[in-house]
$ cat structure_38.pdb   # PDB, C-alpha atoms, pLDDT in the B column
ATOM      1  CA  ARG X 224     -46.473  16.197  65.766  1.00 75.00           C
ATOM      2  CA  MET X 225     -47.610  16.842  62.239  1.00 77.00           C
ATOM      3  CA  GLY X 226     -45.457  17.245  59.185  1.00 79.00           C
ATOM      4  CA  PHE X 227     -45.952  17.866  55.484  1.00 83.00           C
ATOM      5  CA  MET X 228     -43.656  17.239  52.571  1.00 85.00           C
ATOM      6  CA  VAL X 229     -43.841  16.729  48.818  1.00 87.00           C
ATOM      7  CA  LEU X 230     -41.605  13.896  47.629  1.00 85.00           C
ATOM      8  CA  THR X 231     -40.784  12.733  44.134  1.00 82.00           C
ATOM      9  CA  LEU X 232     -37.794  10.511  44.854  1.00 87.00           C
ATOM     10  CA  GLU X 233     -37.581   7.176  46.632  1.00 92.00           C
ATOM     11  CA  SER X 234     -34.455   8.277  48.493  1.00 93.00           C
ATOM     12  CA  GLU X 235     -36.281  11.348  49.899  1.00 93.00           C
ATOM     13  CA  PHE X 236     -39.097   9.139  51.154  1.00 94.00           C
ATOM     14  CA  VAL X 237     -36.707   6.736  52.882  1.00 94.00           C
ATOM     15  CA  ARG X 238     -34.758   9.527  54.546  1.00 93.00           C
ATOM     16  CA  GLY X 239     -37.856  11.356  55.772  1.00 91.00           C
ATOM     17  CA  PHE X 240     -39.718   8.351  57.130  1.00 94.00           C
ATOM     18  CA  LYS X 241     -36.715   6.944  58.971  1.00 92.00           C
ATOM     19  CA  ASN X 242     -37.063   9.992  61.205  1.00 91.00           C
ATOM     20  CA  TYR X 243     -40.852   9.715  61.567  1.00 92.00           C
ATOM     21  CA  LEU X 244     -40.641   6.066  62.580  1.00 92.00           C
ATOM     22  CA  ARG X 245     -38.838   7.004  65.778  1.00 90.00           C
ATOM     23  CA  HIS X 246     -42.258   7.758  67.286  1.00 89.00           C
ATOM     24  CA  ASP X 247     -44.570   5.189  68.902  1.00 89.00           C
ATOM     25  CA  ARG X 248     -47.375   5.831  66.415  1.00 87.00           C
ATOM     26  CA  LEU X 249     -47.350   7.001  62.806  1.00 89.00           C
ATOM     27  CA  GLU X 250     -50.366   7.583  60.568  1.00 89.00           C
ATOM     28  CA  THR X 251     -49.743   9.067  57.119  1.00 93.00           C
ATOM     29  CA  PHE X 252     -52.074  10.554  54.528  1.00 92.00           C
ATOM     30  CA  TYR X 253     -50.850  10.568  50.938  1.00 94.00           C
ATOM     31  CA  ASP X 254     -51.978  12.690  47.999  1.00 93.00           C
ATOM     32  CA  PRO X 255     -51.058  10.703  44.862  1.00 92.00           C
ATOM     33  CA  TYR X 256     -51.804  13.648  42.573  1.00 92.00           C
ATOM     34  CA  THR X 257     -49.159  15.960  44.067  1.00 91.00           C
ATOM     35  CA  GLY X 258     -46.845  13.553  45.890  1.00 91.00           C
ATOM     36  CA  GLY X 259     -47.775  15.232  49.185  1.00 91.00           C
ATOM     37  CA  PHE X 260     -47.378  13.366  52.475  1.00 94.00           C
ATOM     38  CA  LEU X 261     -49.095  14.381  55.725  1.00 90.00           C
ATOM     39  CA  PRO X 262     -47.591  12.276  58.544  1.00 91.00           C
ATOM     40  CA  LEU X 263     -49.137  12.415  62.015  1.00 87.00           C
ATOM     41  CA  MET X 264     -46.803  11.224  64.787  1.00 85.00           C
ATOM     42  CA  TRP X 265     -47.329  10.740  68.484  1.00 81.00           C
ATOM     43  CA  ASP X 266     -45.832   8.944  71.460  1.00 80.00           C
ATOM     44  CA  LEU X 267     -47.690   7.088  74.181  1.00 76.00           C
ATOM     45  CA  THR X 268     -47.533   8.901  77.515  1.00 71.00           C
ATOM     46  CA  ASP X 269     -49.417   9.359  80.773  1.00 69.00           C
ATOM     47  CA  GLU X 270     -48.290  12.972  81.055  1.00 68.00           C
ATOM     48  CA  PHE X 271     -50.145  15.958  79.627  1.00 61.00           C
ATOM     49  CA  ASP X 272     -48.969  19.409  78.673  1.00 59.00           C
ATOM     50  CA  GLU X 273     -50.936  22.632  79.057  1.00 60.00           C
ATOM     51  CA  GLY X 274     -52.895  22.025  75.866  1.00 55.00           C
ATOM     52  CA  GLY X 275     -54.137  18.534  76.689  1.00 55.00           C
ATOM     53  CA  CYS X 276     -56.101  16.689  79.304  1.00 58.00           C
ATOM     54  CA  GLU X 277     -56.727  13.125  80.317  1.00 60.00           C
ATOM     55  CA  ASN X 278     -59.037  11.380  77.880  1.00 57.00           C
ATOM     56  CA  ASN X 279     -62.453  11.052  79.515  1.00 60.00           C
ATOM     57  CA  PRO X 280     -64.996  10.356  76.762  1.00 56.00           C
ATOM     58  CA  ILE X 281     -68.691  11.033  77.275  1.00 57.00           C
ATOM     59  CA  ALA X 282     -70.695   7.843  77.763  1.00 63.00           C
ATOM     60  CA  PRO X 283     -72.870   6.984  74.731  1.00 63.00           C
ATOM     61  CA  ASP X 284     -76.549   7.768  75.070  1.00 66.00           C
ATOM     62  CA  ARG X 285     -77.456   4.291  73.790  1.00 67.00           C
ATOM     63  CA  THR X 286     -75.760   0.932  73.524  1.00 69.00           C
ATOM     64  CA  THR X 287     -74.874  -0.595  70.162  1.00 65.00           C
ATOM     65  CA  ALA X 288     -77.875  -2.918  70.405  1.00 71.00           C
ATOM     66  CA  GLU X 289     -80.232  -0.035  71.208  1.00 72.00           C
ATOM     67  CA  ARG X 290     -78.931   1.929  68.235  1.00 66.00           C
ATOM     68  CA  ALA X 291     -79.394  -1.051  65.928  1.00 65.00           C
ATOM     69  CA  LEU X 292     -83.046  -1.299  66.971  1.00 67.00           C
ATOM     70  CA  ARG X 293     -83.441   2.291  65.753  1.00 66.00           C
ATOM     71  CA  ASP X 294     -81.655   1.468  62.451  1.00 63.00           C
ATOM     72  CA  HIS X 295     -78.656   3.559  63.523  1.00 63.00           C
ATOM     73  CA  TYR X 296     -75.655   1.570  62.316  1.00 58.00           C
ATOM     74  CA  GLY X 297     -72.033   2.647  62.372  1.00 59.00           C
ATOM     75  CA  ALA X 298     -70.980   6.223  63.078  1.00 60.00           C
ATOM     76  CA  LYS X 299     -72.845   9.463  62.653  1.00 61.00           C
ATOM     77  CA  LEU X 300     -72.497  11.048  59.241  1.00 58.00           C
ATOM     78  CA  ILE X 301     -70.045  13.886  58.896  1.00 56.00           C
ATOM     79  CA  GLY X 302     -71.310  17.353  57.992  1.00 52.00           C
ATOM     80  CA  LEU X 303     -72.933  20.481  59.354  1.00 48.00           C
ATOM     81  CA  LEU X 304     -76.149  18.665  60.275  1.00 48.00           C
ATOM     82  CA  PHE X 305     -75.127  15.460  62.001  1.00 50.00           C
ATOM     83  CA  LYS X 306     -77.530  12.639  61.188  1.00 54.00           C
ATOM     84  CA  TRP X 307     -77.544   8.877  61.302  1.00 51.00           C
ATOM     85  CA  SER X 308     -77.423   7.162  57.934  1.00 51.00           C
ATOM     86  CA  ASN X 309     -81.065   6.102  58.074  1.00 50.00           C
ATOM     87  CA  ASN X 310     -82.478   9.519  58.962  1.00 54.00           C
ATOM     88  CA  GLN X 311     -84.629  10.970  56.213  1.00 53.00           C
ATOM     89  CA  ILE X 312     -83.022  14.423  56.098  1.00 54.00           C
ATOM     90  CA  SER X 313     -79.271  15.038  55.998  1.00 58.00           C
ATOM     91  CA  PRO X 314     -78.821  17.628  53.218  1.00 60.00           C
ATOM     92  CA  ILE X 315     -75.218  18.655  53.905  1.00 58.00           C
ATOM     93  CA  HIS X 316     -73.986  15.101  54.001  1.00 59.00           C
ATOM     94  CA  ASP X 317     -75.996  14.071  50.944  1.00 63.00           C
ATOM     95  CA  LEU X 318     -74.539  16.946  48.909  1.00 63.00           C
ATOM     96  CA  VAL X 319     -70.953  16.111  49.891  1.00 66.00           C
ATOM     97  CA  GLN X 320     -71.558  12.408  49.328  1.00 65.00           C
ATOM     98  CA  LEU X 321     -72.944  13.007  45.837  1.00 65.00           C
ATOM     99  CA  SER X 322     -70.048  15.320  44.973  1.00 70.00           C
ATOM    100  CA  CYS X 323     -67.383  12.820  46.074  1.00 71.00           C
ATOM    101  CA  SER X 324     -68.920   9.829  44.306  1.00 73.00           C
ATOM    102  CA  THR X 325     -69.431  11.878  41.112  1.00 76.00           C
ATOM    103  CA  VAL X 326     -65.871  13.226  41.016  1.00 77.00           C
ATOM    104  CA  GLN X 327     -64.507   9.674  41.250  1.00 76.00           C
ATOM    105  CA  ASP X 328     -65.884   9.071  37.761  1.00 75.00           C
ATOM    106  CA  SER X 329     -64.411  12.300  36.405  1.00 76.00           C
ATOM    107  CA  GLY X 330     -60.863  12.917  35.284  1.00 77.00           C
ATOM    108  CA  PRO X 331     -57.791  13.129  37.524  1.00 83.00           C
ATOM    109  CA  GLU X 332     -57.907  16.948  37.563  1.00 85.00           C
ATOM    110  CA  ALA X 333     -61.237  17.084  39.428  1.00 84.00           C
ATOM    111  CA  ALA X 334     -60.195  14.273  41.752  1.00 85.00           C
ATOM    112  CA  ALA X 335     -56.955  16.073  42.575  1.00 87.00           C
ATOM    113  CA  GLY X 336     -58.926  19.137  43.680  1.00 86.00           C
ATOM    114  CA  ALA X 337     -61.109  17.012  45.962  1.00 83.00           C
ATOM    115  CA  VAL X 338     -58.097  15.344  47.586  1.00 87.00           C
ATOM    116  CA  ALA X 339     -56.483  18.739  48.197  1.00 86.00           C
ATOM    117  CA  LEU X 340     -59.619  19.916  50.042  1.00 83.00           C
ATOM    118  CA  VAL X 341     -59.687  16.791  52.206  1.00 82.00           C
ATOM    119  CA  MET X 342     -55.979  17.102  53.034  1.00 84.00           C
ATOM    120  CA  GLY X 343     -56.602  20.668  54.178  1.00 82.00           C
ATOM    121  CA  ASN X 344     -59.502  19.567  56.384  1.00 78.00           C
ATOM    122  CA  ILE X 345     -57.385  16.827  57.967  1.00 79.00           C
ATOM    123  CA  SER X 346     -54.449  19.124  58.687  1.00 78.00           C
ATOM    124  CA  ILE X 347     -56.592  21.784  60.370  1.00 76.00           C
ATOM    125  CA  THR X 348     -59.918  20.536  61.728  1.00 74.00           C
ATOM    126  CA  GLN X 349     -59.262  16.861  62.391  1.00 73.00           C
ATOM    127  CA  VAL X 350     -55.711  17.208  63.699  1.00 72.00           C
ATOM    128  CA  THR X 351     -56.818  19.945  66.095  1.00 73.00           C
ATOM    129  CA  ALA X 352     -59.549  17.667  67.445  1.00 70.00           C
ATOM    130  CA  ALA X 353     -57.111  14.779  67.859  1.00 69.00           C
ATOM    131  CA  PHE X 354     -54.545  16.886  69.716  1.00 68.00           C
ATOM    132  CA  ALA X 355     -57.202  18.273  72.045  1.00 66.00           C
ATOM    133  CA  ALA X 356     -58.647  14.827  72.796  1.00 62.00           C
ATOM    134  CA  TYR X 357     -55.287  13.186  73.579  1.00 61.00           C
ATOM    135  CA  SER X 358     -56.867  10.028  72.225  1.00 62.00           C
ATOM    136  CA  GLU X 359     -56.246   7.539  69.435  1.00 61.00           C
ATOM    137  CA  THR X 360     -60.017   7.108  69.028  1.00 59.00           C
ATOM    138  CA  TRP X 361     -61.006  10.726  68.480  1.00 60.00           C
ATOM    139  CA  LEU X 362     -62.706  10.231  65.096  1.00 64.00           C
ATOM    140  CA  THR X 363     -66.420   9.598  65.715  1.00 62.00           C
ATOM    141  CA  GLU X 364     -68.052  10.711  62.449  1.00 65.00           C
ATOM    142  CA  ALA X 365     -67.849   9.285  58.951  1.00 66.00           C
ATOM    143  CA  MET X 366     -69.124   9.334  55.395  1.00 70.00           C
ATOM    144  CA  GLN X 367     -70.567   6.363  53.580  1.00 72.00           C
ATOM    145  CA  SER X 368     -67.642   4.744  51.830  1.00 75.00           C
ATOM    146  CA  MET X 369     -65.853   1.509  51.095  1.00 78.00           C
ATOM    147  CA  PHE X 370     -62.368   0.761  52.356  1.00 80.00           C
ATOM    148  CA  MET X 371     -60.017  -1.099  50.061  1.00 87.00           C
ATOM    149  CA  SER X 372     -57.461  -2.223  52.610  1.00 90.00           C
ATOM    150  CA  TYR X 373     -54.270  -4.044  51.682  1.00 92.00           C
ATOM    151  CA  PHE X 374     -51.634  -5.572  53.960  1.00 94.00           C
ATOM    152  CA  VAL X 375     -48.253  -6.178  52.352  1.00 95.00           C
ATOM    153  CA  GLU X 376     -45.365  -7.746  54.235  1.00 96.00           C
ATOM    154  CA  ILE X 377     -42.165  -5.715  54.117  1.00 96.00           C
ATOM    155  CA  PRO X 378     -38.621  -6.798  55.062  1.00 95.00           C
ATOM    156  CA  ASP X 379     -38.229  -4.350  57.948  1.00 93.00           C
ATOM    157  CA  LEU X 380     -38.777  -0.757  59.048  1.00 92.00           C
ATOM    158  CA  GLY X 381     -35.406   0.217  57.674  1.00 94.00           C
ATOM    159  CA  GLU X 382     -34.279   1.200  54.206  1.00 94.00           C
ATOM    160  CA  GLU X 383     -35.486  -1.906  52.360  1.00 96.00           C
ATOM    161  CA  GLY X 384     -38.941  -1.827  53.941  1.00 96.00           C
ATOM    162  CA  LEU X 385     -39.374   1.867  53.206  1.00 96.00           C
ATOM    163  CA  LYS X 386     -38.266   1.387  49.600  1.00 96.00           C
ATOM    164  CA  LYS X 387     -40.926  -1.319  49.178  1.00 96.00           C
ATOM    165  CA  THR X 388     -43.544   0.977  50.712  1.00 96.00           C
ATOM    166  CA  TYR X 389     -42.690   3.801  48.319  1.00 96.00           C
ATOM    167  CA  GLN X 390     -42.894   1.444  45.357  1.00 96.00           C
ATOM    168  CA  LEU X 391     -46.343   0.244  46.460  1.00 95.00           C
ATOM    169  CA  LEU X 392     -47.588   3.832  46.712  1.00 95.00           C
ATOM    170  CA  GLN X 393     -46.347   4.497  43.198  1.00 94.00           C
ATOM    171  CA  VAL X 394     -48.434   1.616  41.840  1.00 93.00           C
ATOM    172  CA  VAL X 395     -51.602   3.409  42.982  1.00 90.00           C
ATOM    173  CA  THR X 396     -50.252   6.776  41.821  1.00 92.00           C
ATOM    174  CA  ASP X 397     -49.649   5.467  38.301  1.00 91.00           C
ATOM    175  CA  ILE X 398     -53.253   4.214  38.098  1.00 89.00           C
ATOM    176  CA  VAL X 399     -55.232   7.145  39.487  1.00 87.00           C
ATOM    177  CA  THR X 400     -53.288   9.936  37.780  1.00 88.00           C
ATOM    178  CA  LYS X 401     -54.070   8.623  34.303  1.00 86.00           C
ATOM    179  CA  PRO X 402     -57.422   8.682  32.449  1.00 83.00           C
ATOM    180  CA  GLY X 403     -59.488   5.728  33.547  1.00 80.00           C
ATOM    181  CA  PRO X 404     -62.716   4.567  35.222  1.00 77.00           C
ATOM    182  CA  PHE X 405     -61.798   5.411  38.813  1.00 76.00           C
ATOM    183  CA  HIS X 406     -59.965   8.223  40.601  1.00 83.00           C
ATOM    184  CA  ILE X 407     -59.745   8.412  44.384  1.00 86.00           C
ATOM    185  CA  THR X 408     -61.148  11.604  45.896  1.00 84.00           C
ATOM    186  CA  ALA X 409     -59.722  11.126  49.390  1.00 85.00           C
ATOM    187  CA  PRO X 410     -56.088  10.752  50.442  1.00 89.00           C
ATOM    188  CA  MET X 411     -54.625   7.298  50.747  1.00 91.00           C
ATOM    189  CA  GLU X 412     -53.737   6.294  54.294  1.00 92.00           C
ATOM    190  CA  PHE X 413     -50.920   4.022  55.291  1.00 95.00           C
ATOM    191  CA  ARG X 414     -49.453   2.771  58.540  1.00 93.00           C
ATOM    192  CA  PHE X 415     -46.954   0.158  59.655  1.00 95.00           C
ATOM    193  CA  VAL X 416     -48.119  -2.773  61.773  1.00 92.00           C
ATOM    194  CA  ARG X 417     -46.511  -5.844  63.268  1.00 92.00           C
ATOM    195  CA  GLY X 418     -47.643  -9.344  62.270  1.00 93.00           C
ATOM    196  CA  GLY X 419     -49.287 -11.629  64.797  1.00 90.00           C
ATOM    197  CA  ASP X 420     -51.163 -14.881  65.241  1.00 89.00           C
ATOM    198  CA  SER X 421     -54.728 -13.511  65.362  1.00 87.00           C
ATOM    199  CA  VAL X 422     -57.024 -15.804  63.400  1.00 82.00           C
ATOM    200  CA  MET X 423     -58.311 -14.384  60.061  1.00 84.00           C
ATOM    201  CA  SER X 424     -56.067 -11.338  60.401  1.00 86.00           C
ATOM    202  CA  GLY X 425     -54.615  -9.665  57.322  1.00 87.00           C
ATOM    203  CA  THR X 426     -51.287  -9.651  59.157  1.00 91.00           C
ATOM    204  CA  TYR X 427     -51.269 -13.303  60.285  1.00 92.00           C
ATOM    205  CA  ASN X 428     -47.710 -14.536  60.510  1.00 92.00           C
ATOM    206  CA  THR X 429     -45.899 -17.133  62.573  1.00 91.00           C
ATOM    207  CA  ASN X 430     -42.888 -14.825  62.713  1.00 92.00           C
ATOM    208  CA  PRO X 431     -43.443 -12.484  65.692  1.00 87.00           C
ATOM    209  CA  ASN X 432     -41.017  -9.939  64.208  1.00 90.00           C
ATOM    210  CA  SER X 433     -42.755  -9.659  60.834  1.00 94.00           C
ATOM    211  CA  MET X 434     -43.754  -6.181  59.640  1.00 95.00           C
ATOM    212  CA  TYR X 435     -46.484  -5.044  57.259  1.00 96.00           C
ATOM    213  CA  VAL X 436     -47.507  -1.832  55.594  1.00 96.00           C
ATOM    214  CA  ASN X 437     -51.278  -1.323  55.542  1.00 94.00           C
ATOM    215  CA  LEU X 438     -52.529   0.674  52.541  1.00 94.00           C
ATOM    216  CA  ASP X 439     -56.074   2.049  52.752  1.00 91.00           C
ATOM    217  CA  ILE X 440     -57.795   3.367  49.642  1.00 89.00           C
ATOM    218  CA  ILE X 441     -61.203   4.971  50.157  1.00 83.00           C
ATOM    219  CA  GLY X 442     -64.004   4.864  47.615  1.00 80.00           C
ATOM    220  CA  PHE X 443     -67.181   6.891  48.147  1.00 77.00           C
ATOM    221  CA  ILE X 444     -70.560   5.303  47.457  1.00 74.00           C
ATOM    222  CA  ASP X 445     -73.944   6.807  46.711  1.00 69.00           C
ATOM    223  CA  SER X 446     -76.026   7.645  49.795  1.00 66.00           C
ATOM    224  CA  CYS X 447     -78.035   4.649  50.939  1.00 63.00           C
ATOM    225  CA  LYS X 448     -79.664   3.238  54.025  1.00 62.00           C
ATOM    226  CA  SER X 449     -77.534   1.136  56.336  1.00 58.00           C
ATOM    227  CA  ARG X 450     -78.769  -2.291  57.273  1.00 59.00           C
ATOM    228  CA  LYS X 451     -77.625  -5.219  59.297  1.00 58.00           C
ATOM    229  CA  THR X 452     -75.857  -8.117  57.612  1.00 57.00           C
ATOM    230  CA  ARG X 453     -76.470 -11.750  58.335  1.00 56.00           C
TER     231      ARG X 453
END
$ encode --input "structure_38.pdb" --output "structure tokens"
Amino acid sequence: RMGFMVLTLESEFVRGFKNYLRHDRLETFYDPYTGGFLPLMWDLTDEFDEGGCENNPIAPDRTTAERALRDHYGAKLIGLLFKWSNNQISPIHDLVQLSCSTVQDSGPEAAAGAVALVMGNISITQVTAAFAAYSETWLTEAMQSMFMSYFVEIPDLGEEGLKKTYQLLQVVTDIVTKPGPFHITAPMEFRFVRGGDSVMSGTYNTNPNSMYVNLDIIGFIDSCKSRKTR
């Protein structure tokens, strides 16, 4: 399922997301310039309707190690002409990349227009691909960017936890909608995850019932060659 709503009140957010959280999975995109929320919801199942099929991904043409030897790191770049980040020619991607990184330094009006375009692309192109794939790992292309990912513990998935989530979103909203050095040009993403005892995890917690909200803020960088890190 996909929904869309514009919210300006904490109580509206709590009421709406209580319903969305009934599903097994919830991924939400947030436009801080308009208050628009695009929640994507799905349940885990082994059954398929007429529009879906069992996920059977095509085997990669090369292993990760073989790609690294060719300087092909990460995912393919998104755009009309799909290229790896170290290919010499990728004009569509380079143009989009330059536009996104430039708008970040502009005012909130230009950034708001960029976010609106991305939200439209997600709701039509990307959601259609996800529904057709019946897979949680349907996204295979990317742009060069940096993820600013935050994990904040919340009391629960009820009213108090949702109130805290809304308040956290408003902190970012208050920053990016005012004149300043940085304005996000892609929607924020947030999801709810359970804490665990994985070492070095952002959700490490000795309480097995702990809950976190994960806030992802995307910043676009100038086009550059990818390289391995030591």
$ residues_around --input "structure_38.pdb" --residues "Gly419 (chain X)" --least-positions-apart "6" --cutoff "6 Å" --atoms "all atoms listed in the file" --output "VMD selection string"
chain X and resid 427 to 428 431
$ closest_residue --input "structure_38.pdb" --among "X:Cys323, X:Ala288, X:Leu244, X:Met264" --to "Phe405 (chain X)" --atoms "all atoms listed in the file"
X:Cys323
$ resolve_selection --input "structure_38.pdb" --expression "the PyMOL selection byres ((chain X and resi 230) around 12)" --output "PyMOL selection string"
chain X and resi 227-229+231-240+253-261+389+392-393
$ atom_distance --input "structure_38.pdb" --atom1 "CA of Ser322 (chain X)" --atom2 "CA of Met225 (chain X)"
28.4 Å
$ resolve_selection --input "structure_38.pdb" --expression "the PyMOL selection byres ((chain X and resi 330) around 10)" --output "list of chain:residue names"
X:Val326, X:Gln327, X:Asp328, X:Ser329, X:Pro331, X:Glu332, X:Ala333, X:Ala334, X:Ala335, X:Val399, X:Thr400, X:Lys401, X:Pro402, X:Gly403, X:Pro404, X:Phe405, X:His406
$ axis_aligned_box --input "structure_38.pdb" --around "region 412-426 of chain X" --padding-each-side "6 Å" --output "AutoDock Vina command-line options"
--center_x -52.4 --center_y -4.8 --center_z 59.8 --size_x 23.8 --size_y 34.1 --size_z 23.1
$ closest_residue --input "structure_38.pdb" --among "X:Gly343, X:Gly442, X:Gly226, X:Pro262" --to "Ala409 (chain X)" --atoms "only C-alpha atoms"
X:Gly442
$ closest_atom_pairs --input "structure_38.pdb" --of "region 391-441 of chain X" --to "region 361-385 of chain X" --cutoff "12 Å" --atoms "all atoms listed in the file" --output "tab-separated table"
residue	atom	partner	partner_atom	distance
X:Leu391	CA	X:Val375	CA	8.9
X:Leu392	CA	X:Leu385	CA	10.7
X:Val395	CA	X:Tyr373	CA	11.8
X:Ile407	CA	X:Met371	CA	11.1
X:Thr408	CA	X:Ser368	CA	11.2
X:Ala409	CA	X:Ser368	CA	10.5
X:Pro410	CA	X:Phe370	CA	12.0
X:Met411	CA	X:Met371	CA	10.0
X:Glu412	CA	X:Ser372	CA	9.4
X:Phe413	CA	X:Ser372	CA	9.4
X:Arg414	CA	X:Phe374	CA	9.8
X:Phe415	CA	X:Leu380	CA	8.3
X:Val416	CA	X:Phe374	CA	9.0
X:Arg417	CA	X:Glu376	CA	9.3
X:Gly418	CA	X:Glu376	CA	8.5
X:Gly419	CA	X:Glu376	CA	11.9
X:Ser424	CA	X:Phe374	CA	9.7
X:Gly425	CA	X:Phe374	CA	6.1
X:Thr426	CA	X:Phe374	CA	6.6
X:Tyr427	CA	X:Phe374	CA	10.0
X:Asn428	CA	X:Glu376	CA	9.5
X:Asn430	CA	X:Glu376	CA	11.3
X:Asn432	CA	X:Asp379	CA	8.8
X:Ser433	CA	X:Glu376	CA	7.3
X:Met434	CA	X:Ile377	CA	5.8
X:Tyr435	CA	X:Glu376	CA	4.2
X:Val436	CA	X:Val375	CA	5.5
X:Asn437	CA	X:Phe374	CA	4.5
X:Leu438	CA	X:Tyr373	CA	5.1
X:Asp439	CA	X:Ser372	CA	4.5
X:Ile440	CA	X:Met371	CA	5.0
X:Ile441	CA	X:Phe370	CA	4.9
$ atom_distance --input "structure_38.pdb" --atom1 "CA of Val341 (chain X)" --atom2 "CA of His246 (chain X)"
24.8 Å
